[in-house]
Amino acid sequence: MDHTNACIHELPPGQCSLCKLPPTGIKKIVYVTKGGLAFHNDYKCRTLLEGQLEAETKGLTIHPINPSNWADAFAGRRPCRNCCPDYRHPK
């Protein structure tokens, strides 16, 4: 591999989920819960906190809010409609 063009993880530019930049409107570190379907730019996102409250009201398990690399979260979740409003899905 040509290490002059590789990231610190020895991957080609743009292929490393730890090094590549997130899409516009998404932060490098986002917040997720084990049971959530979305990821959030803001730890104190209204939608995230309302989801936690709704789960508690229903007697469901309240999972911790954890920071995550944007690419890991993006692979299995959608951006929050409230705290990721600047994200535009590529057409």
# chains A, B, ... in the order shown; residues from 1 in each chain; ligands from 1
$ residues_around --residues "stretch 41-50 of chain A" --least-positions-apart "6" --cutoff "9 Å" --atoms "only C-alpha atoms" --output "PyMOL selection string"
chain A and resi 25-33+65-67+79-84
$ select_by_dssp --residues "chain A" --states "strand (DSSP E)" --output "NGL selection string"
:A and (29-32 or 38-39 or 66-69 or 78-79)
$ atom_distance --atom1 "atom CA of A:Gly35" --atom2 "atom CA of A:Arg78"
13.0 Å
$ closest_residue --among "A:Cys19, A:Phe39, A:Phe74, A:Lys34" --to "A:Thr61" --atoms "only C-alpha atoms"
A:Lys34
$ select_by_dssp --residues "stretch 4-78 of chain A" --states "helix (DSSP H, G or I)" --output "PyMOL selection string"
chain A and resi 46-57+70-76
$ write_last_selection --atoms "N, CA and C atoms" --output "CSV table (one decimal), in the first residue's frame"
chain,number,residue,atom,x,y,z
A,46,ARG,N,-33.9,17.5,21.9
A,46,ARG,CA,-35.2,17.4,22.4
A,46,ARG,C,-35.9,16.1,22.1
A,47,THR,N,-35.7,15.6,20.8
A,47,THR,CA,-36.2,14.4,20.4
A,47,THR,C,-35.6,13.2,21.1
A,48,LEU,N,-34.3,13.2,21.3
A,48,LEU,CA,-33.7,12.2,22.0
A,48,LEU,C,-34.2,12.1,23.5
A,49,LEU,N,-34.3,13.2,24.1
A,49,LEU,CA,-34.8,13.2,25.5
A,49,LEU,C,-36.2,12.8,25.6
A,50,GLU,N,-37.0,13.2,24.6
A,50,GLU,CA,-38.4,12.8,24.6
A,50,GLU,C,-38.6,11.3,24.4
A,51,GLY,N,-37.7,10.7,23.6
A,51,GLY,CA,-37.7,9.3,23.4
A,51,GLY,C,-37.3,8.5,24.6
A,52,GLN,N,-36.4,9.1,25.4
A,52,GLN,CA,-36.0,8.5,26.7
A,52,GLN,C,-37.2,8.5,27.6
A,53,LEU,N,-37.9,9.7,27.7
A,53,LEU,CA,-39.0,9.8,28.6
A,53,LEU,C,-40.2,8.9,28.1
A,54,GLU,N,-40.4,8.8,26.8
A,54,GLU,CA,-41.5,7.9,26.3
A,54,GLU,C,-41.2,6.4,26.7
A,55,ALA,N,-39.9,6.0,26.6
A,55,ALA,CA,-39.6,4.7,27.0
A,55,ALA,C,-39.8,4.4,28.5
A,56,GLU,N,-39.4,5.4,29.3
A,56,GLU,CA,-39.6,5.3,30.7
A,56,GLU,C,-41.1,5.2,31.0
A,57,THR,N,-41.9,6.0,30.4
A,57,THR,CA,-43.3,6.0,30.6
A,57,THR,C,-44.0,4.7,30.3
A,70,TRP,N,-19.6,9.1,13.8
A,70,TRP,CA,-20.7,9.3,12.9
A,70,TRP,C,-20.9,8.2,11.9
A,71,ALA,N,-19.8,7.6,11.4
A,71,ALA,CA,-20.0,6.6,10.3
A,71,ALA,C,-20.6,5.3,10.9
A,72,ASP,N,-20.2,5.0,12.1
A,72,ASP,CA,-20.7,3.8,12.8
A,72,ASP,C,-22.2,3.9,13.0
A,73,ALA,N,-22.6,5.1,13.5
A,73,ALA,CA,-24.0,5.4,13.7
A,73,ALA,C,-24.8,5.4,12.4
A,74,PHE,N,-24.2,6.0,11.4
A,74,PHE,CA,-24.9,6.2,10.1
A,74,PHE,C,-25.1,4.9,9.4
A,75,ALA,N,-24.3,3.9,9.7
A,75,ALA,CA,-24.5,2.6,9.1
A,75,ALA,C,-25.8,1.9,9.5
A,76,GLY,N,-26.4,2.2,10.6
A,76,GLY,CA,-27.6,1.5,11.1
A,76,GLY,C,-28.7,2.4,11.6
$ atom_distance --atom1 "atom CA of A:His40" --atom2 "atom CA of A:Lys20"
18.5 Å
$ atom_distance --atom1 "atom CA of A:Asp86" --atom2 "atom CA of A:Pro23"
9.7 Å
